[in-house]
Amino acid sequence: MAHQTVLKSLILSAAFLGTLAGGSPAMAAPSARKIHAIHVQIPVHLKQANVVFNMDHPAFFGDMPVGMKYMHLLALRMKQTGTKGRIIGVFHGKAAFMTLNDRAYDAYRGVTTGNPYKGLIANLQHQGVQIEECAVSMKGHGWGNADLLPGVRVNAGAVGRIIQLVQRGYVQIQP
């Protein structure tokens, strides 16, 4: 199942790369349509980028969480271009459940499938993205640290944490 998740992630990456380039997801399939020349008038070269993703609600492209996909693509781009910096994903509110381990995820969602996002989160962590969960959201749901996926860090509160990071110069992305 992990291999299927990774394969699906790679397939959807091609679609999102097209979307980030300013087109539609169909840009991933150039053989199906005519290719038009693109001339970039405003190149973007970043030496440093510190970014916090405010993951407060689930937003999807098909079955793929948009915020997690953008974290992945940004991490790839930063590596490719040698951009220094950090990416932090702060999960809270209606998206807080996405960081739960299989047992807690199943209990919360009323399913027996396990957390379908665990592979995506593990991949993000492998890329150096810091994944955080909000203690306030956890308290509201009765979750403890043992209910989270490995490596997920708990902050004292998502809103305060995002404010703290923005004050430190992080750019906030709201997928």
# chains A, B, ... in the order shown; residues from 1 in each chain; ligands from 1
call {"tool": "residues_around", "arguments": {"residues": "Ala135 of chain A", "least_positions_apart": "2", "cutoff": "8 Å", "atoms": "only C-alpha atoms", "output": "tab-separated table (two decimals) with N, CA and C atoms, in the first residue's frame"}}
result
chain	number	residue	atom	x	y	z
A	133	GLU	N	1.71	19.53	14.93
A	133	GLU	CA	0.29	19.41	15.29
A	133	GLU	C	0.00	20.36	16.44
A	137	SER	N	-5.91	21.72	19.27
A	137	SER	CA	-6.74	20.80	18.49
A	137	SER	C	-6.71	19.41	19.11
A	138	MET	N	-5.53	18.98	19.54
A	138	MET	CA	-5.40	17.66	20.17
A	138	MET	C	-6.26	17.58	21.42
A	139	LYS	N	-6.18	18.60	22.26
A	139	LYS	CA	-6.96	18.61	23.50
A	139	LYS	C	-8.45	18.55	23.20
A	154	VAL	N	4.59	18.60	18.43
A	154	VAL	CA	3.41	19.27	18.97
A	154	VAL	C	3.78	20.69	19.38
A	155	ASN	N	3.02	21.68	18.84
A	155	ASN	CA	3.24	23.06	19.28
A	155	ASN	C	2.16	23.43	20.29
A	156	ALA	N	2.36	24.52	21.03
A	156	ALA	CA	1.44	24.93	22.09
A	156	ALA	C	0.10	25.41	21.56
A	157	GLY	N	0.07	25.83	20.32
A	157	GLY	CA	-1.16	26.31	19.69
A	157	GLY	C	-0.83	26.81	18.30
A	158	ALA	N	-1.61	26.39	17.31
A	158	ALA	CA	-1.29	26.68	15.91
A	158	ALA	C	-1.32	28.17	15.58
call {"tool": "select_by_dssp", "arguments": {"residues": "segment 81-150 of chain A", "states": "strand (DSSP E or B)", "output": "PDB file with C-alpha atoms, in the first residue's frame"}}
result
ATOM      1  CA  LYS A  84      18.340  27.709   1.832  1.00  0.00           C
ATOM      2  CA  GLY A  85      15.548  27.726   4.370  1.00  0.00           C
ATOM      3  CA  ARG A  86      12.892  25.694   6.092  1.00  0.00           C
ATOM      4  CA  ILE A  87       9.373  24.491   5.458  1.00  0.00           C
ATOM      5  CA  ILE A  88       7.008  23.872   8.361  1.00  0.00           C
ATOM      6  CA  GLY A  89       3.508  22.422   8.047  1.00  0.00           C
ATOM      7  CA  VAL A  90       1.245  23.383  10.966  1.00  0.00           C
ATOM      8  CA  PHE A  91      -1.823  21.124  11.164  1.00  0.00           C
ATOM      9  CA  LEU A 100      -2.853  10.791  13.376  1.00  0.00           C
ATOM     10  CA  GLN A 130       8.869  19.844   9.799  1.00  0.00           C
ATOM     11  CA  ILE A 131       5.331  18.629  10.528  1.00  0.00           C
ATOM     12  CA  GLU A 132       3.619  20.085  13.587  1.00  0.00           C
ATOM     13  CA  GLU A 133       0.290  19.406  15.286  1.00  0.00           C
ATOM     14  CA  CYS A 134      -1.620  21.884  17.427  1.00  0.00           C
ATOM     15  CA  LEU A 148       0.404  11.008  16.255  1.00  0.00           C
TER      16      LEU A 148
END
call {"tool": "select_by_dssp", "arguments": {"residues": "chain A", "states": "helix (DSSP H, G or I)", "output": "PyMOL selection string"}}
result
chain A and resi 2-20+25-28+30-32+66-81+93-99+102-109+118-126+135-141+145-147+158-167
call {"tool": "atom_distance", "arguments": {"atom1": "atom CA of Met71 of chain A", "atom2": "atom CA of Gly140 of chain A"}}
result
26.4 Å
call {"tool": "residues_around", "arguments": {"residues": "Gly114 of chain A", "least_positions_apart": "2", "cutoff": "9 Å", "atoms": "only C-alpha atoms", "output": "PyMOL selection string"}}
result
chain A and resi 101-106+111-112+116-118
call {"tool": "residues_around", "arguments": {"residues": "Phe60 of chain A", "least_positions_apart": "6", "cutoff": "10 Å", "atoms": "only C-alpha atoms", "output": "list of chain:residue names"}}
result
A:Val66, A:Gly67, A:Met68, A:Lys69, A:Pro175
call {"tool": "write_last_selection", "arguments": {"atoms": "N, CA and C atoms", "output": "tab-separated table (two decimals), in the first residue's frame"}}
result
chain	number	residue	atom	x	y	z
A	66	VAL	N	-3.85	19.29	-1.17
A	66	VAL	CA	-3.15	20.35	-1.88
A	66	VAL	C	-1.96	20.88	-1.09
A	67	GLY	N	-2.16	21.15	0.18
A	67	GLY	CA	-1.07	21.70	1.00
A	67	GLY	C	0.13	20.77	1.09
A	68	MET	N	-0.12	19.48	1.26
A	68	MET	CA	0.99	18.52	1.32
A	68	MET	C	1.70	18.44	-0.02
A	69	LYS	N	0.95	18.51	-1.11
A	69	LYS	CA	1.56	18.47	-2.43
A	69	LYS	C	2.44	19.70	-2.64
A	175	PRO	N	-3.04	26.96	1.84
A	175	PRO	CA	-3.58	26.19	0.71
A	175	PRO	C	-5.09	26.03	0.79
call {"tool": "closest_residue", "arguments": {"among": "A:Leu120, A:Gln127, A:Gly160, A:Met78", "to": "Asp63 of chain A", "atoms": "only C-alpha atoms"}}
result
A:Leu120
call {"tool": "decode", "arguments": {"residues": "segment 62-136 of chain A", "atoms": "C-alpha atoms", "output": "PDB file, in the first residue's frame"}}
result
ATOM      1  CA  GLY A  62      -8.842  14.649  -6.304  1.00  0.00           C
ATOM      2  CA  ASP A  63      -7.625  12.583  -3.356  1.00  0.00           C
ATOM      3  CA  MET A  64      -4.364  14.536  -2.956  1.00  0.00           C
ATOM      4  CA  PRO A  65      -4.138  17.115  -0.134  1.00  0.00           C
ATOM      5  CA  VAL A  66      -3.150  20.349  -1.884  1.00  0.00           C
ATOM      6  CA  GLY A  67      -1.068  21.700   1.000  1.00  0.00           C
ATOM      7  CA  MET A  68       0.988  18.521   1.325  1.00  0.00           C
ATOM      8  CA  LYS A  69       1.563  18.467  -2.431  1.00  0.00           C
ATOM      9  CA  TYR A  70       2.745  22.098  -2.418  1.00  0.00           C
ATOM     10  CA  MET A  71       5.070  21.400   0.528  1.00  0.00           C
ATOM     11  CA  HIS A  72       6.531  18.513  -1.481  1.00  0.00           C
ATOM     12  CA  LEU A  73       6.947  20.582  -4.654  1.00  0.00           C
ATOM     13  CA  LEU A  74       8.473  23.504  -2.770  1.00  0.00           C
ATOM     14  CA  ALA A  75      10.939  21.212  -0.999  1.00  0.00           C
ATOM     15  CA  LEU A  76      11.934  19.718  -4.373  1.00  0.00           C
ATOM     16  CA  ARG A  77      12.340  23.161  -5.933  1.00  0.00           C
ATOM     17  CA  MET A  78      14.408  24.469  -3.019  1.00  0.00           C
ATOM     18  CA  LYS A  79      16.703  21.462  -3.297  1.00  0.00           C
ATOM     19  CA  GLN A  80      17.033  21.831  -7.088  1.00  0.00           C
ATOM     20  CA  THR A  81      17.850  25.540  -6.905  1.00  0.00           C
ATOM     21  CA  GLY A  82      20.002  25.421  -3.761  1.00  0.00           C
ATOM     22  CA  THR A  83      17.600  27.692  -1.885  1.00  0.00           C
ATOM     23  CA  LYS A  84      18.340  27.709   1.832  1.00  0.00           C
ATOM     24  CA  GLY A  85      15.548  27.726   4.370  1.00  0.00           C
ATOM     25  CA  ARG A  86      12.892  25.694   6.092  1.00  0.00           C
ATOM     26  CA  ILE A  87       9.373  24.491   5.458  1.00  0.00           C
ATOM     27  CA  ILE A  88       7.008  23.872   8.361  1.00  0.00           C
ATOM     28  CA  GLY A  89       3.508  22.422   8.047  1.00  0.00           C
ATOM     29  CA  VAL A  90       1.245  23.383  10.966  1.00  0.00           C
ATOM     30  CA  PHE A  91      -1.823  21.124  11.164  1.00  0.00           C
ATOM     31  CA  HIS A  92      -4.832  22.185  13.218  1.00  0.00           C
ATOM     32  CA  GLY A  93      -8.562  22.691  13.137  1.00  0.00           C
ATOM     33  CA  LYS A  94     -10.429  20.595  10.572  1.00  0.00           C
ATOM     34  CA  ALA A  95      -7.158  19.196   9.143  1.00  0.00           C
ATOM     35  CA  ALA A  96      -5.707  18.117  12.499  1.00  0.00           C
ATOM     36  CA  PHE A  97      -6.692  14.473  11.922  1.00  0.00           C
ATOM     37  CA  MET A  98      -4.238  14.149   9.018  1.00  0.00           C
ATOM     38  CA  THR A  99      -1.282  13.640  11.399  1.00  0.00           C
ATOM     39  CA  LEU A 100      -2.853  10.791  13.376  1.00  0.00           C
ATOM     40  CA  ASN A 101      -1.410   7.274  13.449  1.00  0.00           C
ATOM     41  CA  ASP A 102      -3.490   4.448  11.982  1.00  0.00           C
ATOM     42  CA  ARG A 103      -5.227   3.453  15.202  1.00  0.00           C
ATOM     43  CA  ALA A 104      -6.231   7.002  16.172  1.00  0.00           C
ATOM     44  CA  TYR A 105      -7.150   7.879  12.577  1.00  0.00           C
ATOM     45  CA  ASP A 106      -9.455   4.862  12.290  1.00  0.00           C
ATOM     46  CA  ALA A 107     -11.135   5.651  15.612  1.00  0.00           C
ATOM     47  CA  TYR A 108     -11.631   9.331  14.753  1.00  0.00           C
ATOM     48  CA  ARG A 109     -12.828   8.793  11.165  1.00  0.00           C
ATOM     49  CA  GLY A 110     -14.834   5.629  11.862  1.00  0.00           C
ATOM     50  CA  VAL A 111     -12.908   3.582   9.290  1.00  0.00           C
ATOM     51  CA  THR A 112     -10.524   0.614   9.253  1.00  0.00           C
ATOM     52  CA  THR A 113      -8.201   1.799   6.477  1.00  0.00           C
ATOM     53  CA  GLY A 114      -5.466   3.471   8.496  1.00  0.00           C
ATOM     54  CA  ASN A 115      -4.230   6.976   7.772  1.00  0.00           C
ATOM     55  CA  PRO A 116      -3.936   7.387   3.984  1.00  0.00           C
ATOM     56  CA  TYR A 117      -1.721  10.477   4.472  1.00  0.00           C
ATOM     57  CA  LYS A 118       0.987   8.776   6.521  1.00  0.00           C
ATOM     58  CA  GLY A 119       3.151   8.047   3.466  1.00  0.00           C
ATOM     59  CA  LEU A 120       2.887  11.639   2.271  1.00  0.00           C
ATOM     60  CA  ILE A 121       3.812  12.954   5.711  1.00  0.00           C
ATOM     61  CA  ALA A 122       6.737  10.518   6.006  1.00  0.00           C
ATOM     62  CA  ASN A 123       7.968  11.636   2.580  1.00  0.00           C
ATOM     63  CA  LEU A 124       7.718  15.309   3.582  1.00  0.00           C
ATOM     64  CA  GLN A 125       9.674  14.598   6.760  1.00  0.00           C
ATOM     65  CA  HIS A 126      12.290  12.758   4.698  1.00  0.00           C
ATOM     66  CA  GLN A 127      12.582  15.899   2.546  1.00  0.00           C
ATOM     67  CA  GLY A 128      13.265  17.957   5.681  1.00  0.00           C
ATOM     68  CA  VAL A 129       9.782  19.433   6.136  1.00  0.00           C
ATOM     69  CA  GLN A 130       8.869  19.844   9.799  1.00  0.00           C
ATOM     70  CA  ILE A 131       5.331  18.629  10.528  1.00  0.00           C
ATOM     71  CA  GLU A 132       3.619  20.085  13.587  1.00  0.00           C
ATOM     72  CA  GLU A 133       0.290  19.406  15.286  1.00  0.00           C
ATOM     73  CA  CYS A 134      -1.620  21.884  17.427  1.00  0.00           C
ATOM     74  CA  ALA A 135      -1.963  20.982  21.122  1.00  0.00           C
ATOM     75  CA  VAL A 136      -5.252  22.914  21.292  1.00  0.00           C
TER      76      VAL A 136
END
